[in-house]
$ cat data-v8.cif   # mmCIF, C-alpha atoms; chains and numbers go by the auth columns
data_data
#
loop_
_atom_site.group_PDB
_atom_site.id
_atom_site.type_symbol
_atom_site.label_atom_id
_atom_site.label_comp_id
_atom_site.label_asym_id
_atom_site.label_seq_id
_atom_site.Cartn_x
_atom_site.Cartn_y
_atom_site.Cartn_z
_atom_site.B_iso_or_equiv
_atom_site.auth_seq_id
_atom_site.auth_asym_id
ATOM 1 C CA MET A 1 6.097 -26.334 5.992 0.00 14 A
ATOM 2 C CA ARG A 2 2.761 -24.537 6.055 0.00 15 A
ATOM 3 C CA VAL A 3 3.027 -20.833 6.868 0.00 16 A
ATOM 4 C CA PHE A 4 0.061 -18.781 8.009 0.00 17 A
ATOM 5 C CA LEU A 5 0.401 -15.220 6.672 0.00 18 A
ATOM 6 C CA SER A 6 -1.239 -12.620 8.914 0.00 19 A
ATOM 7 C CA HIS A 7 -1.709 -9.084 7.577 0.00 20 A
ATOM 8 C CA SER A 8 -4.172 -6.229 7.315 0.00 21 A
ATOM 9 C CA ALA A 9 -6.128 -5.547 4.139 0.00 22 A
ATOM 10 C CA ALA A 10 -4.089 -2.359 3.687 0.00 23 A
ATOM 11 C CA ASP A 11 -0.901 -4.456 3.547 0.00 24 A
ATOM 12 C CA ARG A 12 -2.276 -6.971 1.038 0.00 25 A
ATOM 13 C CA GLU A 13 0.154 -6.021 -1.765 0.00 26 A
ATOM 14 C CA VAL A 14 3.272 -6.436 0.383 0.00 27 A
ATOM 15 C CA ALA A 15 1.857 -9.639 1.880 0.00 28 A
ATOM 16 C CA ARG A 16 1.152 -11.113 -1.559 0.00 29 A
ATOM 17 C CA GLU A 17 4.671 -10.337 -2.798 0.00 30 A
ATOM 18 C CA LEU A 18 6.108 -11.877 0.361 0.00 31 A
ATOM 19 C CA ALA A 19 3.897 -14.962 -0.056 0.00 32 A
ATOM 20 C CA ASP A 20 5.016 -15.352 -3.679 0.00 33 A
ATOM 21 C CA ARG A 21 8.681 -15.293 -2.656 0.00 34 A
ATOM 22 C CA LEU A 22 8.154 -17.776 0.190 0.00 35 A
ATOM 23 C CA GLU A 23 6.187 -20.106 -2.098 0.00 36 A
ATOM 24 C CA ALA A 24 8.980 -19.908 -4.699 0.00 37 A
ATOM 25 C CA ALA A 25 11.310 -21.133 -1.948 0.00 38 A
ATOM 26 C CA GLY A 26 9.110 -24.161 -1.357 0.00 39 A
ATOM 27 C CA LEU A 27 6.902 -23.078 1.525 0.00 40 A
ATOM 28 C CA ASP A 28 3.126 -23.602 1.532 0.00 41 A
ATOM 29 C CA VAL A 29 1.708 -20.172 2.392 0.00 42 A
ATOM 30 C CA TRP A 30 -1.888 -19.735 3.574 0.00 43 A
ATOM 31 C CA ASP A 31 -3.267 -16.212 3.095 0.00 44 A
ATOM 32 C CA ALA A 32 -6.867 -15.355 3.950 0.00 45 A
ATOM 33 C CA ALA A 33 -6.894 -12.769 1.152 0.00 46 A
ATOM 34 C CA THR A 34 -6.751 -15.576 -1.412 0.00 47 A
ATOM 35 C CA GLU A 35 -8.167 -18.523 0.547 0.00 48 A
ATOM 36 C CA VAL A 36 -11.343 -17.046 2.074 0.00 49 A
ATOM 37 C CA LEU A 37 -14.005 -16.533 -0.566 0.00 50 A
ATOM 38 C CA PRO A 38 -17.191 -14.447 -0.376 0.00 51 A
ATOM 39 C CA GLY A 39 -19.808 -16.422 1.525 0.00 52 A
ATOM 40 C CA ASP A 40 -17.224 -18.523 3.392 0.00 53 A
ATOM 41 C CA ASN A 41 -17.284 -18.707 7.165 0.00 54 A
ATOM 42 C CA ALA A 42 -14.096 -16.635 7.529 0.00 55 A
ATOM 43 C CA PRO A 43 -13.460 -17.276 11.256 0.00 56 A
ATOM 44 C CA LEU A 44 -13.859 -21.023 10.702 0.00 57 A
ATOM 45 C CA LYS A 45 -11.487 -21.097 7.708 0.00 58 A
ATOM 46 C CA ILE A 46 -8.920 -18.962 9.545 0.00 59 A
ATOM 47 C CA GLY A 47 -9.132 -21.238 12.597 0.00 60 A
ATOM 48 C CA GLN A 48 -8.652 -24.344 10.450 0.00 61 A
ATOM 49 C CA ALA A 49 -5.684 -22.727 8.714 0.00 62 A
ATOM 50 C CA LEU A 50 -4.089 -21.832 12.050 0.00 63 A
ATOM 51 C CA GLN A 51 -4.525 -25.411 13.258 0.00 64 A
ATOM 52 C CA SER A 52 -2.950 -26.857 10.120 0.00 65 A
ATOM 53 C CA SER A 53 -0.041 -24.377 9.980 0.00 66 A
ATOM 54 C CA ASN A 54 3.250 -24.771 11.781 0.00 67 A
ATOM 55 C CA ALA A 55 4.663 -21.269 11.263 0.00 68 A
ATOM 56 C CA MET A 56 3.334 -17.722 11.089 0.00 69 A
ATOM 57 C CA VAL A 57 4.591 -14.578 9.409 0.00 70 A
ATOM 58 C CA VAL A 58 2.951 -11.372 10.602 0.00 71 A
ATOM 59 C CA VAL A 59 3.146 -8.298 8.384 0.00 72 A
ATOM 60 C CA TRP A 60 3.211 -5.491 10.951 0.00 73 A
ATOM 61 C CA SER A 61 2.258 -1.893 10.184 0.00 74 A
ATOM 62 C CA PRO A 62 0.109 0.896 11.651 0.00 75 A
ATOM 63 C CA ASP A 63 -2.887 -0.812 10.020 0.00 76 A
ATOM 64 C CA ALA A 64 -2.018 -4.150 11.646 0.00 77 A
ATOM 65 C CA VAL A 65 -2.016 -2.486 15.068 0.00 78 A
ATOM 66 C CA LYS A 66 -5.704 -1.646 14.574 0.00 79 A
ATOM 67 C CA SER A 67 -6.735 -5.152 13.513 0.00 80 A
ATOM 68 C CA GLU A 68 -8.413 -7.302 16.149 0.00 81 A
ATOM 69 C CA THR A 69 -8.117 -10.284 13.795 0.00 82 A
ATOM 70 C CA ILE A 70 -4.336 -9.958 13.642 0.00 83 A
ATOM 71 C CA GLN A 71 -4.199 -9.596 17.426 0.00 84 A
ATOM 72 C CA ARG A 72 -6.162 -12.863 17.830 0.00 85 A
ATOM 73 C CA GLU A 73 -4.025 -14.700 15.260 0.00 86 A
ATOM 74 C CA VAL A 74 -0.827 -13.631 17.028 0.00 87 A
ATOM 75 C CA GLN A 75 -2.283 -14.636 20.420 0.00 88 A
ATOM 76 C CA TYR A 76 -3.087 -18.073 19.011 0.00 89 A
ATOM 77 C CA ALA A 77 0.459 -18.507 17.699 0.00 90 A
ATOM 78 C CA LEU A 78 1.995 -17.330 20.972 0.00 91 A
ATOM 79 C CA GLY A 79 -0.058 -19.900 22.885 0.00 92 A
ATOM 80 C CA SER A 80 0.726 -22.817 20.598 0.00 93 A
ATOM 81 C CA PRO A 81 3.942 -24.823 21.062 0.00 94 A
ATOM 82 C CA LYS A 82 4.046 -25.688 17.346 0.00 95 A
ATOM 83 C CA PHE A 83 4.747 -22.023 16.516 0.00 96 A
ATOM 84 C CA GLN A 84 7.675 -21.811 18.957 0.00 97 A
ATOM 85 C CA GLY A 85 10.633 -20.377 17.053 0.00 98 A
ATOM 86 C CA ARG A 86 8.414 -20.052 13.984 0.00 99 A
ATOM 87 C CA LEU A 87 6.595 -16.782 14.572 0.00 100 A
ATOM 88 C CA VAL A 88 8.254 -14.059 12.511 0.00 101 A
ATOM 89 C CA THR A 89 7.223 -10.418 12.338 0.00 102 A
ATOM 90 C CA VAL A 90 7.996 -8.345 9.242 0.00 103 A
ATOM 91 C CA VAL A 91 7.672 -4.655 10.080 0.00 104 A
ATOM 92 C CA THR A 92 6.800 -2.709 6.939 0.00 105 A
ATOM 93 C CA LYS A 93 6.318 0.718 8.520 0.00 106 A
ATOM 94 C CA PRO A 94 7.236 2.185 11.906 0.00 107 A
ATOM 95 C CA THR A 95 4.523 1.632 14.487 0.00 108 A
ATOM 96 C CA PRO A 96 5.399 3.810 17.472 0.00 109 A
ATOM 97 C CA GLY A 97 3.913 2.313 20.617 0.00 110 A
ATOM 98 C CA GLY A 98 2.024 -0.244 18.576 0.00 111 A
ATOM 99 C CA MET A 99 4.277 -3.308 18.795 0.00 112 A
ATOM 100 C CA PRO A 100 3.372 -5.776 21.537 0.00 113 A
ATOM 101 C CA TRP A 101 6.424 -6.309 23.715 0.00 114 A
ATOM 102 C CA VAL A 102 6.362 -10.055 23.198 0.00 115 A
ATOM 103 C CA LEU A 103 6.842 -9.664 19.433 0.00 116 A
ATOM 104 C CA LEU A 104 10.011 -7.705 20.132 0.00 117 A
ATOM 105 C CA LYS A 105 11.413 -10.834 21.818 0.00 118 A
ATOM 106 C CA LEU A 106 10.777 -13.019 18.737 0.00 119 A
ATOM 107 C CA PRO A 107 12.361 -12.954 15.269 0.00 120 A
ATOM 108 C CA LEU A 108 11.730 -9.444 13.950 0.00 121 A
ATOM 109 C CA ILE A 109 12.584 -8.204 10.483 0.00 122 A
ATOM 110 C CA ARG A 110 12.415 -4.514 9.762 0.00 123 A
ATOM 111 C CA MET A 111 11.761 -3.967 6.074 0.00 124 A
ATOM 112 C CA LYS A 112 13.590 -0.848 5.000 0.00 125 A
ATOM 113 C CA GLY A 113 11.974 0.785 1.992 0.00 126 A
ATOM 114 C CA ARG A 114 10.728 -1.808 -0.478 0.00 127 A
ATOM 115 C CA ARG A 115 13.514 -4.342 0.146 0.00 128 A
ATOM 116 C CA LEU A 116 11.141 -7.268 0.078 0.00 129 A
ATOM 117 C CA ALA A 117 13.696 -9.674 -1.372 0.00 130 A
ATOM 118 C CA GLU A 118 15.977 -9.128 1.627 0.00 131 A
ATOM 119 C CA ALA A 119 13.084 -9.460 4.086 0.00 132 A
ATOM 120 C CA SER A 120 11.993 -12.696 2.375 0.00 133 A
ATOM 121 C CA ARG A 121 15.487 -14.170 2.669 0.00 134 A
ATOM 122 C CA ARG A 122 15.584 -13.288 6.339 0.00 135 A
ATOM 123 C CA VAL A 123 12.183 -14.940 6.922 0.00 136 A
ATOM 124 C CA LEU A 124 13.521 -18.053 5.205 0.00 137 A
ATOM 125 C CA ASP A 125 16.609 -17.973 7.449 0.00 138 A
ATOM 126 C CA VAL A 126 14.299 -18.301 10.448 0.00 139 A
ATOM 127 C CA LEU A 127 11.796 -20.779 9.015 0.00 140 A
ATOM 128 C CA LYS A 128 13.794 -23.041 6.769 0.00 141 A
ATOM 129 C CA PRO A 129 17.277 -24.514 7.127 0.00 142 A
ATOM 130 C CA THR A 130 19.681 -23.513 4.355 0.00 143 A
ATOM 131 C CA ALA A 131 19.916 -27.064 3.021 0.00 144 A
ATOM 132 C CA GLU A 132 16.190 -27.138 2.282 0.00 145 A
ATOM 133 C CA ARG A 133 16.042 -23.884 0.301 0.00 146 A
ATOM 134 C CA LYS A 134 15.167 -23.992 -3.384 0.00 147 A
ATOM 135 C CA VAL A 135 15.499 -20.269 -4.068 0.00 148 A
ATOM 136 C CA SER A 136 17.869 -17.809 -2.402 0.00 149 A
#

$ encode --input "data-v8.cif" --output "C-alpha cells"
Amino acid sequence: MRVFLSHSAADREVARELADRLEAAGLDVWDAATEVLPGDNAPLKIGQALQSSNAMVVVWSPDAVKSETIQREVQYALGSPKFQGRLVTVVTKPTPGGMPWVLLKLPLIRMKGRRLAEASRRVLDVLKPTAERKVS
C-alpha cells in the first residue's frame, strides 16, 4: 500500500519518524520532504504521488492549519474514492478552531506527548489488516 504523507515543514521531524515506523511495517510511504528535490516541479511530483497513492496520513498541527498545500492535498483525498476509509489524521498539537469538520468524521489519532509508537500502531490499525503487519 502506498501512503501519501502530508505535513508542514515545521512537523518534518515527527512526520519522518512516523514514516520510518510505517515503512518498517511494510508500507510504501511517499513524503515530499524526501521525494521532491531542488529544481523539481513540486506541484507536478505531488500530484503524481497523490494519483499513485491509495492512502493518506495527515500530520495535523497549528502549522498544518496555515498550509494551503496541506489543505489542497486533503481536499484531493476527500474527493477521491480510493482514499475512502484510508485518510487518517494524526494530531500532534491542539489546533483550536483549526480542524476542518470533515476530518473529525474520519479516523483521527491524537498524539499525546511524544507517543509516536502508539500513534503509528493506531495508523496501522486503520490502514493495514492485522494479518498483513510485519512490525507491531

$ residues_around --input "data-v8.cif" --residues "Ala22 in chain A" --least-positions-apart "4" --cutoff "10 Å" --atoms "all atoms listed in the file" --output "ChimeraX atom specification"
/A:26,28,45-46,76-77,80

$ resolve_selection --input "data-v8.cif" --expression "the PyMOL selection byres ((chain A and resi 119) around 10)" --output "MDAnalysis selection string"
chainID A and resid 97:102 114:118 120:122

$ residues_around --input "data-v8.cif" --residues "Leu35 in chain A" --least-positions-apart "5" --cutoff "8 Å" --atoms "only C-alpha atoms" --output "compact mmCIF listing (two decimals) with C-alpha atoms, keeping the file's coordinate frame"
# COMPACT_ATOMS: atom_id res chain seq x y z
CA LEU A 40 6.90 -23.08 1.52
CA ASP A 41 3.13 -23.60 1.53
CA VAL A 42 1.71 -20.17 2.39
CA SER A 133 11.99 -12.70 2.38
CA LEU A 137 13.52 -18.05 5.20

$ residues_around --input "data-v8.cif" --residues "Ala62 in chain A" --least-positions-apart "4" --cutoff "12 Å" --atoms "only C-alpha atoms" --output "number ranges by chain"
A: 15-19, 41-45, 48-49, 55-58, 66-69, 86, 89-90

$ atom_distance --input "data-v8.cif" --atom1 "CA of Gly60 in chain A" --atom2 "CA of Ala32 in chain A"
19.2 Å

$ closest_residue --input "data-v8.cif" --among "A:Ser65, A:Pro107, A:Asp53, A:Thr47" --to "Asp33 in chain A" --atoms "all atoms listed in the file"
A:Thr47

$ atom_distance --input "data-v8.cif" --atom1 "CA of Lys106 in chain A" --atom2 "CA of Pro75 in chain A"
7.0 Å

$ closest_residue --input "data-v8.cif" --among "A:Val87, A:Leu63, A:Ala23, A:Val71" --to "Val136 in chain A" --atoms "only C-alpha atoms"
A:Val71

$ atom_distance --input "data-v8.cif" --atom1 "CA of Val103 in chain A" --atom2 "CA of Ala132 in chain A"
7.3 Å

$ decode --input "data-v8.cif" --residues "range 27-49 of chain A" --atoms "N, CA and C atoms" --output "PDB file, in the first residue's frame"
ATOM      1  N   VAL A  27       8.572  14.887  13.185  1.00  0.00           N
ATOM      2  CA  VAL A  27       7.535  13.930  13.584  1.00  0.00           C
ATOM      3  C   VAL A  27       7.093  13.110  12.377  1.00  0.00           C
ATOM      4  N   ALA A  28       6.921  13.774  11.237  1.00  0.00           N
ATOM      5  CA  ALA A  28       6.493  13.076  10.023  1.00  0.00           C
ATOM      6  C   ALA A  28       7.524  12.034   9.599  1.00  0.00           C
ATOM      7  N   ARG A  29       8.790  12.361   9.682  1.00  0.00           N
ATOM      8  CA  ARG A  29       9.836  11.410   9.284  1.00  0.00           C
ATOM      9  C   ARG A  29       9.859  10.194  10.207  1.00  0.00           C
ATOM     10  N   GLU A  30       9.720  10.425  11.511  1.00  0.00           N
ATOM     11  CA  GLU A  30       9.676   9.300  12.453  1.00  0.00           C
ATOM     12  C   GLU A  30       8.456   8.417  12.187  1.00  0.00           C
ATOM     13  N   LEU A  31       7.332   9.047  11.908  1.00  0.00           N
ATOM     14  CA  LEU A  31       6.114   8.303  11.592  1.00  0.00           C
ATOM     15  C   LEU A  31       6.316   7.501  10.314  1.00  0.00           C
ATOM     16  N   ALA A  32       6.885   8.126   9.294  1.00  0.00           N
ATOM     17  CA  ALA A  32       7.149   7.437   8.021  1.00  0.00           C
ATOM     18  C   ALA A  32       8.069   6.239   8.237  1.00  0.00           C
ATOM     19  N   ASP A  33       9.104   6.405   9.035  1.00  0.00           N
ATOM     20  CA  ASP A  33      10.031   5.299   9.306  1.00  0.00           C
ATOM     21  C   ASP A  33       9.308   4.115   9.942  1.00  0.00           C
ATOM     22  N   ARG A  34       8.424   4.390  10.872  1.00  0.00           N
ATOM     23  CA  ARG A  34       7.684   3.311  11.548  1.00  0.00           C
ATOM     24  C   ARG A  34       6.711   2.622  10.586  1.00  0.00           C
ATOM     25  N   LEU A  35       6.045   3.404   9.742  1.00  0.00           N
ATOM     26  CA  LEU A  35       5.105   2.817   8.783  1.00  0.00           C
ATOM     27  C   LEU A  35       5.856   1.995   7.732  1.00  0.00           C
ATOM     28  N   GLU A  36       7.008   2.484   7.300  1.00  0.00           N
ATOM     29  CA  GLU A  36       7.818   1.728   6.335  1.00  0.00           C
ATOM     30  C   GLU A  36       8.329   0.423   6.954  1.00  0.00           C
ATOM     31  N   ALA A  37       8.696   0.464   8.230  1.00  0.00           N
ATOM     32  CA  ALA A  37       9.153  -0.751   8.919  1.00  0.00           C
ATOM     33  C   ALA A  37       8.040  -1.790   8.994  1.00  0.00           C
ATOM     34  N   ALA A  38       6.799  -1.321   8.945  1.00  0.00           N
ATOM     35  CA  ALA A  38       5.645  -2.230   8.968  1.00  0.00           C
ATOM     36  C   ALA A  38       5.237  -2.680   7.570  1.00  0.00           C
ATOM     37  N   GLY A  39       6.002  -2.264   6.565  1.00  0.00           N
ATOM     38  CA  GLY A  39       5.751  -2.745   5.216  1.00  0.00           C
ATOM     39  C   GLY A  39       4.998  -1.812   4.293  1.00  0.00           C
ATOM     40  N   LEU A  40       4.712  -0.602   4.735  1.00  0.00           N
ATOM     41  CA  LEU A  40       4.014   0.342   3.869  1.00  0.00           C
ATOM     42  C   LEU A  40       5.026   1.142   3.045  1.00  0.00           C
ATOM     43  N   ASP A  41       4.611   1.556   1.866  1.00  0.00           N
ATOM     44  CA  ASP A  41       5.425   2.403   0.989  1.00  0.00           C
ATOM     45  C   ASP A  41       4.967   3.837   1.230  1.00  0.00           C
ATOM     46  N   VAL A  42       5.786   4.619   1.914  1.00  0.00           N
ATOM     47  CA  VAL A  42       5.399   5.980   2.298  1.00  0.00           C
ATOM     48  C   VAL A  42       6.052   6.989   1.364  1.00  0.00           C
ATOM     49  N   TRP A  43       5.217   7.888   0.805  1.00  0.00           N
ATOM     50  CA  TRP A  43       5.720   8.969  -0.044  1.00  0.00           C
ATOM     51  C   TRP A  43       5.656  10.256   0.760  1.00  0.00           C
ATOM     52  N   ASP A  44       6.802  10.932   0.894  1.00  0.00           N
ATOM     53  CA  ASP A  44       6.918  12.162   1.661  1.00  0.00           C
ATOM     54  C   ASP A  44       7.631  13.197   0.802  1.00  0.00           C
ATOM     55  N   ALA A  45       6.976  14.300   0.534  1.00  0.00           N
ATOM     56  CA  ALA A  45       7.569  15.342  -0.310  1.00  0.00           C
ATOM     57  C   ALA A  45       8.905  15.833   0.238  1.00  0.00           C
ATOM     58  N   ALA A  46       9.077  15.797   1.550  1.00  0.00           N
ATOM     59  CA  ALA A  46      10.323  16.279   2.149  1.00  0.00           C
ATOM     60  C   ALA A  46      11.532  15.494   1.663  1.00  0.00           C
ATOM     61  N   THR A  47      11.330  14.236   1.305  1.00  0.00           N
ATOM     62  CA  THR A  47      12.448  13.415   0.825  1.00  0.00           C
ATOM     63  C   THR A  47      12.359  13.121  -0.673  1.00  0.00           C
ATOM     64  N   GLU A  48      11.199  13.258  -1.262  1.00  0.00           N
ATOM     65  CA  GLU A  48      10.998  12.887  -2.660  1.00  0.00           C
ATOM     66  C   GLU A  48      11.108  14.052  -3.641  1.00  0.00           C
ATOM     67  N   VAL A  49      10.833  15.272  -3.180  1.00  0.00           N
ATOM     68  CA  VAL A  49      10.907  16.442  -4.060  1.00  0.00           C
ATOM     69  C   VAL A  49      12.267  17.098  -3.856  1.00  0.00           C
TER      70      VAL A  49
END
